[in-house]
$ cat run_16.pdb   # PDB, C-alpha atoms
MODEL        1
ATOM      1  CA  MET D 218     -16.811 -30.893  18.980  1.00  0.00           C
ATOM      2  CA  ASP D 219     -17.924 -31.496  15.388  1.00  0.00           C
ATOM      3  CA  SER D 220     -19.693 -28.131  15.206  1.00  0.00           C
ATOM      4  CA  LEU D 221     -16.558 -26.388  16.497  1.00  0.00           C
ATOM      5  CA  VAL D 222     -14.434 -28.063  13.832  1.00  0.00           C
ATOM      6  CA  GLU D 223     -16.915 -27.033  11.110  1.00  0.00           C
ATOM      7  CA  ALA D 224     -16.954 -23.435  12.368  1.00  0.00           C
ATOM      8  CA  LEU D 225     -13.162 -23.320  12.344  1.00  0.00           C
ATOM      9  CA  LYS D 226     -13.049 -24.735   8.810  1.00  0.00           C
ATOM     10  CA  LYS D 227     -15.448 -22.033   7.570  1.00  0.00           C
ATOM     11  CA  THR D 228     -13.410 -19.300   9.238  1.00  0.00           C
ATOM     12  CA  TYR D 229     -10.184 -20.675   7.814  1.00  0.00           C
ATOM     13  CA  ARG D 230     -11.601 -20.746   4.278  1.00  0.00           C
ATOM     14  CA  LYS D 231     -12.731 -17.141   4.520  1.00  0.00           C
ATOM     15  CA  THR D 232      -9.359 -15.791   5.616  1.00  0.00           C
ATOM     16  CA  SER D 233      -6.988 -17.965   3.640  1.00  0.00           C
ATOM     17  CA  GLY D 234      -7.974 -17.019   0.096  1.00  0.00           C
ATOM     18  CA  PRO D 235      -6.032 -14.715  -2.171  1.00  0.00           C
ATOM     19  CA  SER D 236      -6.932 -11.054  -2.315  1.00  0.00           C
ATOM     20  CA  ALA D 237      -6.423  -8.289  -4.830  1.00  0.00           C
ATOM     21  CA  LYS D 238      -6.685  -4.527  -4.889  1.00  0.00           C
ATOM     22  CA  VAL D 239      -7.387  -2.481  -7.979  1.00  0.00           C
ATOM     23  CA  PHE D 240      -6.067   1.062  -8.228  1.00  0.00           C
ATOM     24  CA  THR D 241      -6.960   3.486 -11.000  1.00  0.00           C
ATOM     25  CA  GLY D 242      -5.977   6.988 -11.973  1.00  0.00           C
ATOM     26  CA  ALA D 243      -4.072   9.581  -9.990  1.00  0.00           C
ATOM     27  CA  ASP D 244      -5.887   8.639  -6.771  1.00  0.00           C
ATOM     28  CA  GLY D 245      -4.790   5.045  -7.277  1.00  0.00           C
ATOM     29  CA  ILE D 246      -1.169   6.077  -7.710  1.00  0.00           C
ATOM     30  CA  LYS D 247      -1.390   8.219  -4.574  1.00  0.00           C
ATOM     31  CA  SER D 248      -2.849   5.263  -2.662  1.00  0.00           C
ATOM     32  CA  ILE D 249      -0.086   2.932  -3.823  1.00  0.00           C
ATOM     33  CA  LEU D 250       2.686   5.395  -2.992  1.00  0.00           C
ATOM     34  CA  SER D 251       1.201   6.169   0.433  1.00  0.00           C
ATOM     35  CA  GLU D 252       0.705   2.508   1.294  1.00  0.00           C
ATOM     36  CA  GLU D 253       4.205   1.584   0.159  1.00  0.00           C
ATOM     37  CA  LEU D 254       5.725   4.369   2.247  1.00  0.00           C
ATOM     38  CA  GLU D 255       3.705   3.325   5.310  1.00  0.00           C
ATOM     39  CA  ASN D 256       4.835  -0.298   4.913  1.00  0.00           C
ATOM     40  CA  THR D 257       8.503   0.541   4.375  1.00  0.00           C
ATOM     41  CA  PRO D 258      10.526   0.474   7.592  1.00  0.00           C
ATOM     42  CA  GLU D 259      12.522   3.486   8.703  1.00  0.00           C
ATOM     43  CA  HIS D 260      15.689   3.795   6.572  1.00  0.00           C
ATOM     44  CA  GLY D 261      14.240   1.139   4.275  1.00  0.00           C
ATOM     45  CA  VAL D 262      14.233   1.148   0.497  1.00  0.00           C
ATOM     46  CA  ILE D 263      11.456   1.490  -2.022  1.00  0.00           C
ATOM     47  CA  TYR D 264      13.072  -0.309  -4.900  1.00  0.00           C
ATOM     48  CA  ALA D 265      11.280   0.962  -7.988  1.00  0.00           C
ATOM     49  CA  TYR D 266       8.479   3.268  -8.910  1.00  0.00           C
ATOM     50  CA  ARG D 267       7.958   5.248 -12.016  1.00  0.00           C
ATOM     51  CA  ALA D 268       4.973   7.494 -11.608  1.00  0.00           C
ATOM     52  CA  LEU D 269       3.890   9.574 -14.522  1.00  0.00           C
ATOM     53  CA  PRO D 270       5.373  13.074 -14.455  1.00  0.00           C
ATOM     54  CA  GLU D 271       1.811  14.336 -14.752  1.00  0.00           C
ATOM     55  CA  LEU D 272       1.206  13.273 -11.154  1.00  0.00           C
ATOM     56  CA  ALA D 273       3.385  16.147  -9.967  1.00  0.00           C
ATOM     57  CA  LEU D 274       1.309  18.494 -12.106  1.00  0.00           C
ATOM     58  CA  LEU D 275      -2.036  17.021 -11.044  1.00  0.00           C
ATOM     59  CA  SER D 276      -1.227  16.810  -7.361  1.00  0.00           C
ATOM     60  CA  PRO D 277       1.806  18.908  -6.394  1.00  0.00           C
ATOM     61  CA  ILE D 278       0.694  19.086  -2.755  1.00  0.00           C
ATOM     62  CA  PHE D 279       0.612  15.287  -2.500  1.00  0.00           C
ATOM     63  CA  VAL D 280       4.012  14.867  -4.171  1.00  0.00           C
ATOM     64  CA  SER D 281       5.548  17.466  -1.853  1.00  0.00           C
ATOM     65  CA  TRP D 282       3.978  15.804   1.209  1.00  0.00           C
ATOM     66  CA  TRP D 283       5.108  12.337   0.086  1.00  0.00           C
ATOM     67  CA  HIS D 284       8.736  13.411  -0.429  1.00  0.00           C
ATOM     68  CA  LYS D 285       8.823  15.169   2.958  1.00  0.00           C
ATOM     69  CA  LYS D 286       7.447  12.064   4.670  1.00  0.00           C
ATOM     70  CA  ARG D 287       9.869   9.822   2.735  1.00  0.00           C
ATOM     71  CA  LEU D 288      12.870  11.959   3.694  1.00  0.00           C
ATOM     72  CA  ALA D 289      11.782  12.152   7.341  1.00  0.00           C
ATOM     73  CA  LYS D 290      11.620   8.360   7.405  1.00  0.00           C
ATOM     74  CA  GLY D 291      15.048   8.083   5.790  1.00  0.00           C
ATOM     75  CA  VAL D 292      13.670   6.134   2.855  1.00  0.00           C
TER      76      VAL D 292
ENDMDL
END
$ encode --input "run_16.pdb" --output "structure tokens"
Amino acid sequence: MDSLVEALKKTYRKTSGPSAKVFTGADGIKSILSEELENTPEHGVIYAYRALPELALLSPIFVSWWHKKRLAKGV
């Protein structure tokens, strides 16, 4: 029983700590926008984002795809 309790304590410590993600550059912005859209329920709201206008110039295909997916989801 003691070994089971110790194993559970180790597992709990591993999964209960804080986590962080670091995003950089245009790929980071695309990752954030994609993840936010995936996590937003249908007809939900993404409250605030201000991406640099350069993103549309750097990645017009992504921006077009993202808006089509957003509109299809009713976000």
$ residues_around --input "run_16.pdb" --residues "range 262-279 of chain D" --least-positions-apart "5" --cutoff "12 Å" --atoms "all atoms listed in the file" --output "list in words"
Gly242, Ala243, Asp244, Gly245, Ile246, Lys247, Ser248, Ile249, Leu250, Ser251, Glu252, Glu253, Leu254, Glu255, Asn256, Thr257, His284, Lys285, Lys286, Arg287, Leu288, Lys290, Gly291 and Val292 of chain D
$ atom_distance --input "run_16.pdb" --atom1 "CA of Glu259 in chain D" --atom2 "CA of Trp283 in chain D"
14.4 Å
$ atom_distance --input "run_16.pdb" --atom1 "CA of His260 in chain D" --atom2 "CA of Ala237 in chain D"
27.7 Å
$ atom_distance --input "run_16.pdb" --atom1 "CA of Ser236 in chain D" --atom2 "CA of Ser220 in chain D"
27.6 Å
